[in-house]
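As structure tokens, the structure follows; a few thoughts come after it.
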Amino acid sequence: MVHYARGALALTAALLMTTAAVAQDKRVVKYNADYDPAPLAAMEQVIADFEAANPDIDIQLNNFDHEGYKTAIRNFLTADAPDLANWYAGNRMAPFVTSGQFMDVSDVWEANGLKDSLGSALASMTIDGKQWGVPYTYYQWGIYFNRDAYKAAGVDVPGPEGVSWDQFVSNCEKFAAAGIDCITTGTKALWPGAGIFDYLNLRTNGYEFHMDLTAGKVAWTDDKVRATFAEWAKIQPYVTKNHAAIDWQDAAALLVQGKAANYVMGNFAVAVFKEGGMTNDNLGFMGFPEITPGIARAEEAPTDTVHIPSGAKNVDDAKKFLAYLASADAQNKINAAMGQLPINKASTVADDPFLQAGFQMLSTADGGIAQFFDRDAPAEMAKAGMEGFQEFMVKPENLDAILERLEKIRQKVYQ
Amino acid sequence: MTDFWKSNQRRIAPWLFLAPGLFMFAVYVIIPIFQSLWISLYDWDGLGAKVWIGTANYVELWDDDAFYTSLKNNVIWLILYLLAVPAGLFIAIFLNQTITGMRLYKSLFFFPFVISQVVVGLIFSWFYAPDFGLFYKLIELLTGQSIAILADDRFVTYGIIAAGLWPQIAYVMILYLTGLNNVAPDQIEAARLDGAKGWRMLWYVVLPQLRPATFIAVVVTVIGALRSFDLVSIMTDGGPYGSSRVLSFYMYEQALSEYGYRMGYGAAIAVVLFAIMMVFISGFIWKMWRDESER
């Protein structure tokens, strides 16, 4: 866990500002976050701008390791609550909302017209008719592919409009003949497999059904769920064999090396592909193919958020910062650095082919925007579900046992 | 006051010396045991209000496949981990010679116990890693089959136990090496004059003298097997699809991990693990007590 001292930066900022020559007693806002290096630098810039506009407020950013944060948040929310904390939208925030650990910030939404400007994220931030945080970024999921691998296997490179499902499956056979994994993934941490399931289910049964399933309203043994797995079975033989033993970054390496052709992933993976040596010339992106004809196209775009814990001491200034973070200006800045999409509708999307494609895809999705399996479904169901997906990709013959197990857990979780 | 102190000094003093230790033991061991028992009777997400549900957590455990997988793996761990005792004894006897540089060899053999379990886990993960792991390549070369040990539910537990055995054997070896230092040379001499050699010498003369070391080795190995957690967490995170879970990891998963918000259920698993450990621990304590009181 990295303790990031904001002191030095605040000092240089103070020195630069001629008006703030005399050190004042600033009101402190403590902010616990889990940024990777690039977004961290961007957030520091956003904070510096905010502090320049509000010289009497001092935001102290305490940055955590990304994975460690997920378990640390429970301790600090109850024991030593900061004034601001990062988290995720959808059902993922439900445990903290229902246990009263997050503060209702509907007034921030009301006072700043966020229901309009952040309208696309309103549903995923609302529980019991109230808003519980402010979203600042989201990113699309889709299929990233290696054009060189397509050429090596003698398969037509998909255009921006993507390919049909039948075409995709028959491409897989050609890749298999060429000794290339048609689809790669690394499910050691479980969640990458859920991306594949989400898209198959959204494309086979549509947004409404997917939401009903993650909300526990439909049985896992339902025929429609089986239909999704039947589609999955078509591509299962072409998924990287040892995916259960590798992390998603290892699978990214397979794509970079041309040992795999396609990867169902989030846009954050682009940075990893490019670090591995891929460029805009050989890295391609397309939406997941349509499966059931005519079904309204839904996409997957997880949203990251900032919340005010109930134990916050400086609520007023924390709300000021949330309002600032929701502005188009702040969202432009941080998303340009993160390589992700801003939520404020007045903001602009960075000049990057993958972001532009993602923005285009999400803004025309008439079916709806799903968060992600582990954010749409409650924690226990999410964990069991993702284990089931992993098992299915290794042993498709266990399908009946997997679905029965998930159904048993569904009946227990949503009572 | 001083009179009271003078007349009772001998009775009070031991308790005064024991007080700090007893206090810590109570706060960090005894009280948490009862707290866990208590929490296991509630439905609690660790954040909100507790709801009393009686034995419902235990009833659920009874019908939980993942619990039985963990229990089965714990049994496998327990049995295979005990291989560390004969293996450690063998290496200790092998190293118990006077050759130049023996100290160096001994410390090299002891090395795996010195490095952290986290590092051991990482080393073995790479050893087994598909596509570039040494073991993976070896198996591919010998059998033509490519097997990713840590992604295969048939082998994953054995793969992790092998990683755990590596430092455990070193630990047992050190216990036996110190034990071998205390083997009485005159008895060896006498046995040799009587014509004892090889296995008979080991079985009837050396091993009985090593009994205290064997006892400690078995105790630390059994406890080590039951509380195995770090290697599972680092090498597989309980996967693939939960097939390498052990009870302690399952408890962590349910109560504290990224998707675990079930303190009560986790506590119930902890209580079951505690009960299993208690069987062994009371056995050990009973044996120690018998040894000390009857001789």
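Following the order of the structure tokens, chains are lettered A, B, ..., residues in each are numbered from 1, and ligands are numbered from 1.
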
Could you give me, as JSON lines, every chain A residue with an atom at most 9 Å from chain B, plus its closest atom pair and distance in Å to one decimal, counting only C-alpha atoms, rows ordered by chain then number?
```
{"residue": "A:Glu67", "atom": "CA", "partner": "B:Glu258", "partner_atom": "CA", "distance": 8.5}
{"residue": "A:Lys70", "atom": "CA", "partner": "B:Glu258", "partner_atom": "CA", "distance": 5.9}
{"residue": "A:Thr71", "atom": "CA", "partner": "B:Glu258", "partner_atom": "CA", "distance": 5.9}
{"residue": "A:Arg74", "atom": "CA", "partner": "B:Leu47", "partner_atom": "CA", "distance": 7.5}
{"residue": "A:Leu77", "atom": "CA", "partner": "B:Leu47", "partner_atom": "CA", "distance": 8.9}
{"residue": "A:Thr78", "atom": "CA", "partner": "B:Leu47", "partner_atom": "CA", "distance": 7.3}
{"residue": "A:Pro95", "atom": "CA", "partner": "B:Asp45", "partner_atom": "CA", "distance": 8.0}
{"residue": "A:Phe96", "atom": "CA", "partner": "B:Leu47", "partner_atom": "CA", "distance": 7.6}
{"residue": "A:Thr98", "atom": "CA", "partner": "B:Gly48", "partner_atom": "CA", "distance": 7.7}
{"residue": "A:Ser99", "atom": "CA", "partner": "B:Gly48", "partner_atom": "CA", "distance": 4.4}
{"residue": "A:Gly100", "atom": "CA", "partner": "B:Gly48", "partner_atom": "CA", "distance": 7.3}
{"residue": "A:Gln101", "atom": "CA", "partner": "B:Leu47", "partner_atom": "CA", "distance": 7.7}
{"residue": "A:Thr187", "atom": "CA", "partner": "B:Pro240", "partner_atom": "CA", "distance": 8.6}
{"residue": "A:Lys188", "atom": "CA", "partner": "B:Thr236", "partner_atom": "CA", "distance": 7.1}
{"residue": "A:Ala189", "atom": "CA", "partner": "B:Asp237", "partner_atom": "CA", "distance": 7.7}
{"residue": "A:Leu190", "atom": "CA", "partner": "B:Tyr241", "partner_atom": "CA", "distance": 8.4}
{"residue": "A:Asn242", "atom": "CA", "partner": "B:Ala148", "partner_atom": "CA", "distance": 6.4}
{"residue": "A:His243", "atom": "CA", "partner": "B:Ala151", "partner_atom": "CA", "distance": 7.7}
{"residue": "A:Ala244", "atom": "CA", "partner": "B:Ala151", "partner_atom": "CA", "distance": 5.0}
{"residue": "A:Ala245", "atom": "CA", "partner": "B:Ala151", "partner_atom": "CA", "distance": 4.7}
{"residue": "A:Ile246", "atom": "CA", "partner": "B:Ala129", "partner_atom": "CA", "distance": 8.0}
{"residue": "A:Asp374", "atom": "CA", "partner": "B:Tyr259", "partner_atom": "CA", "distance": 8.7}
{"residue": "A:Pro378", "atom": "CA", "partner": "B:Tyr259", "partner_atom": "CA", "distance": 8.5}
{"residue": "A:Ala379", "atom": "CA", "partner": "B:Tyr259", "partner_atom": "CA", "distance": 4.7}
{"residue": "A:Glu380", "atom": "CA", "partner": "B:Tyr259", "partner_atom": "CA", "distance": 6.1}
{"residue": "A:Met381", "atom": "CA", "partner": "B:Tyr259", "partner_atom": "CA", "distance": 8.9}
{"residue": "A:Ala382", "atom": "CA", "partner": "B:Tyr259", "partner_atom": "CA", "distance": 7.5}
{"residue": "A:Lys383", "atom": "CA", "partner": "B:Tyr259", "partner_atom": "CA", "distance": 6.2}
{"residue": "A:Ala384", "atom": "CA", "partner": "B:Tyr241", "partner_atom": "CA", "distance": 8.6}
{"residue": "A:Met386", "atom": "CA", "partner": "B:Tyr241", "partner_atom": "CA", "distance": 8.2}
{"residue": "A:Glu387", "atom": "CA", "partner": "B:Tyr241", "partner_atom": "CA", "distance": 4.6}
{"residue": "A:Gly388", "atom": "CA", "partner": "B:Tyr241", "partner_atom": "CA", "distance": 6.7}
{"residue": "A:Phe389", "atom": "CA", "partner": "B:Tyr241", "partner_atom": "CA", "distance": 8.5}
{"residue": "A:Gln390", "atom": "CA", "partner": "B:Tyr241", "partner_atom": "CA", "distance": 6.2}
{"residue": "A:Glu391", "atom": "CA", "partner": "B:Tyr241", "partner_atom": "CA", "distance": 5.7}
{"residue": "A:Val394", "atom": "CA", "partner": "B:Asp152", "partner_atom": "CA", "distance": 8.7}
{"residue": "A:Arg405", "atom": "CA", "partner": "B:Asp65", "partner_atom": "CA", "distance": 8.8}
```

Subject >> Contacts of Asp43 of chain B at 6 Å (only C-alpha atoms; same-chain gap of 4+ positions) as an MDAnalysis selection string >> reply: chainID B and resid 50:51 264

Got time to write the residues from that selection, N, CA and C atoms, as a short mmCIF file (atom, residue, chain, number, x, y, z; two decimals), in the first residue's frame?
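Below is the file that was written, out-v5.cif:
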```cif
data_model
loop_
_atom_site.label_atom_id
_atom_site.label_comp_id
_atom_site.auth_asym_id
_atom_site.auth_seq_id
_atom_site.Cartn_x
_atom_site.Cartn_y
_atom_site.Cartn_z
N LYS B 50 -25.99 -7.27 12.46
CA LYS B 50 -25.95 -8.73 12.53
C LYS B 50 -27.38 -9.26 12.70
N VAL B 51 -27.65 -10.39 12.03
CA VAL B 51 -28.96 -11.02 12.20
C VAL B 51 -28.74 -12.41 12.76
N GLY B 264 -20.36 -14.43 8.99
CA GLY B 264 -20.92 -15.53 9.77
C GLY B 264 -20.55 -16.88 9.18
#
```

Subject >> In segment 89-333 of chain A, DSSP strand (DSSP E) residues written as a ChimeraX atom specification >> reply: /A:126-127,130-131,134-138,141-146,181-184,260-266,283-286,298-300,303-307

**OP:** Once DSSP has gone over the backbone, tell me which residues of segment 183-326 of chain A are in helix (DSSP H, G or I), as a PyMOL selection string.
**Re:** chain A and resi 191-214+223-238+243-245+248-256+269-275+315-325

**OP:** Find the residues near segment 259-264 of chain A: any atom within 10 Å, counting only C-alpha atoms, skip ones fewer than 6 places away on the same chain, and give them as a PyMOL selection string.
**Re:** chain A and resi 141-153+171-172+175-176+178-186+192-196+199+238-240+248+251-253+284-288

Expected file contents, prior selection, C-alpha atoms, as a PDB file, in the first residue's frame:
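selection.pdb written:
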```
ATOM      1  CA  TRP A 141     -15.546  -3.952 -23.861  1.00  0.00           C
ATOM      2  CA  GLY A 142     -15.281  -5.661 -27.203  1.00  0.00           C
ATOM      3  CA  ILE A 143     -13.053  -7.846 -29.340  1.00  0.00           C
ATOM      4  CA  TYR A 144      -9.457  -6.710 -29.821  1.00  0.00           C
ATOM      5  CA  PHE A 145      -7.665  -8.564 -32.579  1.00  0.00           C
ATOM      6  CA  ASN A 146      -4.260  -8.950 -34.152  1.00  0.00           C
ATOM      7  CA  ARG A 147      -4.411  -8.158 -37.881  1.00  0.00           C
ATOM      8  CA  ASP A 148      -1.096  -9.974 -38.464  1.00  0.00           C
ATOM      9  CA  ALA A 149      -2.536 -13.160 -36.976  1.00  0.00           C
ATOM     10  CA  TYR A 150      -5.521 -12.888 -39.339  1.00  0.00           C
ATOM     11  CA  LYS A 151      -3.169 -12.497 -42.291  1.00  0.00           C
ATOM     12  CA  ALA A 152      -0.955 -15.364 -41.126  1.00  0.00           C
ATOM     13  CA  ALA A 153      -3.967 -17.686 -41.008  1.00  0.00           C
ATOM     14  CA  ASN A 171     -12.836 -18.093 -38.804  1.00  0.00           C
ATOM     15  CA  CYS A 172     -12.007 -19.948 -35.596  1.00  0.00           C
ATOM     16  CA  PHE A 175      -7.230 -20.260 -36.988  1.00  0.00           C
ATOM     17  CA  ALA A 176      -7.207 -23.711 -35.403  1.00  0.00           C
ATOM     18  CA  ALA A 178      -3.122 -22.546 -38.654  1.00  0.00           C
ATOM     19  CA  GLY A 179      -2.205 -23.348 -35.037  1.00  0.00           C
ATOM     20  CA  ILE A 180      -3.390 -19.997 -33.716  1.00  0.00           C
ATOM     21  CA  ASP A 181      -5.769 -19.637 -30.751  1.00  0.00           C
ATOM     22  CA  CYS A 182      -8.896 -18.030 -32.151  1.00  0.00           C
ATOM     23  CA  ILE A 183      -9.844 -16.521 -28.780  1.00  0.00           C
ATOM     24  CA  THR A 184      -7.498 -15.961 -25.908  1.00  0.00           C
ATOM     25  CA  THR A 185      -8.225 -15.117 -22.312  1.00  0.00           C
ATOM     26  CA  GLY A 186      -6.628 -15.607 -18.900  1.00  0.00           C
ATOM     27  CA  PRO A 192     -12.015 -12.086 -17.837  1.00  0.00           C
ATOM     28  CA  GLY A 193     -14.239 -15.114 -18.496  1.00  0.00           C
ATOM     29  CA  ALA A 194     -17.283 -13.161 -17.338  1.00  0.00           C
ATOM     30  CA  GLY A 195     -16.775 -10.678 -20.189  1.00  0.00           C
ATOM     31  CA  ILE A 196     -17.261 -13.478 -22.694  1.00  0.00           C
ATOM     32  CA  TYR A 199     -21.528 -10.617 -24.391  1.00  0.00           C
ATOM     33  CA  TYR A 238     -10.876 -22.520 -29.850  1.00  0.00           C
ATOM     34  CA  VAL A 239     -10.128 -20.716 -26.576  1.00  0.00           C
ATOM     35  CA  THR A 240      -6.515 -20.779 -25.326  1.00  0.00           C
ATOM     36  CA  TRP A 248      -5.109 -11.612 -18.410  1.00  0.00           C
ATOM     37  CA  ALA A 251      -3.052 -13.778 -22.540  1.00  0.00           C
ATOM     38  CA  ALA A 252      -2.426 -10.264 -23.873  1.00  0.00           C
ATOM     39  CA  ALA A 253       1.140 -11.375 -24.587  1.00  0.00           C
ATOM     40  CA  GLY A 284      -7.883  -3.941 -34.417  1.00  0.00           C
ATOM     41  CA  PHE A 285     -11.126  -3.500 -32.540  1.00  0.00           C
ATOM     42  CA  MET A 286     -14.660  -4.659 -33.320  1.00  0.00           C
ATOM     43  CA  GLY A 287     -17.915  -5.046 -31.481  1.00  0.00           C
ATOM     44  CA  PHE A 288     -19.027  -8.518 -30.425  1.00  0.00           C
TER      45      PHE A 288
END
```

**OP:** Mind checking which residues fall within 8 Å of segment 410-412 of chain A, counting only C-alpha atoms, ignoring those fewer than 5 positions away in the same chain, and posting them as JSON, numbers by chain?
**Re:** {"A": [216, 219, 220, 381]}

**OP:** Within 12 Å of Gly283 of chain B, counting only C-alpha atoms, which residues show up once you throw out same-chain ones fewer than 6 positions away? Write them as a PyMOL selection string, please.
**Re:** chain B and resi 215+218-219+222+276-277+289-290

Original post:
atom CA of Ala170 of chain B and atom CA of Leu142 of chain B, how far apart in Å?
Top reply: 28.7 Å

Original post:
Could you work out how far atom CA of Val349 of chain A lies from atom CA of Leu322 of chain A, giving the answer in Å with one decimal?
Top reply: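 So the two atoms, atom CA of Leu322 of chain A and atom CA of Val349 of chain A, lie 20.7 Å apart.
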
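Nearest residue to Ile93 of chain B among B:Ser248, B:Asn181, B:Ser282, B:Asn57 is B:Asn181, counting only C-alpha atoms.
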
Subject >> All residues 7 Å or closer to Leu41 of chain B, only C-alpha atoms, same chain fewer than 3 positions away omitted, as a PyMOL selection string >> reply: chain B and resi 38+52-55+57+264

Restricting the output to N, CA and C atoms, write the selected residues as a PDB file, in the first residue's frame.
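Wrote it out as selection.pdb, contents follow:
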```pdb
ATOM      1  N   TRP B  38     -19.275 -17.132  18.277  1.00  0.00           N
ATOM      2  CA  TRP B  38     -20.457 -16.288  18.407  1.00  0.00           C
ATOM      3  C   TRP B  38     -20.902 -15.762  17.042  1.00  0.00           C
ATOM      4  N   TRP B  52     -29.378 -12.708  13.884  1.00  0.00           N
ATOM      5  CA  TRP B  52     -29.242 -14.015  14.527  1.00  0.00           C
ATOM      6  C   TRP B  52     -29.901 -15.079  13.665  1.00  0.00           C
ATOM      7  N   ILE B  53     -29.142 -16.115  13.283  1.00  0.00           N
ATOM      8  CA  ILE B  53     -29.760 -17.183  12.491  1.00  0.00           C
ATOM      9  C   ILE B  53     -29.483 -18.555  13.107  1.00  0.00           C
ATOM     10  N   GLY B  54     -28.965 -18.584  14.326  1.00  0.00           N
ATOM     11  CA  GLY B  54     -28.728 -19.862  14.998  1.00  0.00           C
ATOM     12  C   GLY B  54     -27.725 -20.709  14.252  1.00  0.00           C
ATOM     13  N   THR B  55     -28.066 -21.975  14.008  1.00  0.00           N
ATOM     14  CA  THR B  55     -27.100 -22.890  13.390  1.00  0.00           C
ATOM     15  C   THR B  55     -27.234 -22.936  11.870  1.00  0.00           C
ATOM     16  N   ASN B  57     -25.880 -21.385   9.482  1.00  0.00           N
ATOM     17  CA  ASN B  57     -24.618 -21.422   8.742  1.00  0.00           C
ATOM     18  C   ASN B  57     -24.065 -22.842   8.684  1.00  0.00           C
ATOM     19  N   GLY B 264     -20.361 -14.430   8.990  1.00  0.00           N
ATOM     20  CA  GLY B 264     -20.920 -15.526   9.770  1.00  0.00           C
ATOM     21  C   GLY B 264     -20.548 -16.879   9.179  1.00  0.00           C
TER      22      GLY B 264
END
```

Original post:
Within 12 Å of Lys72 of chain B, counting only C-alpha atoms, which residues qualify if same-chain residues fewer than 2 places away don't, as a ChimeraX atom specification?
Top reply: /B:65-70,74-79,157,226,243-247

Original post:
If you measure from atom CA of Thr143 of chain B to atom CA of Phe127 of chain B, what distance in Å do you get, rounded to one decimal?
Top reply: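 Separation between atom CA of Thr143 of chain B and atom CA of Phe127 of chain B: 17.2 Å.
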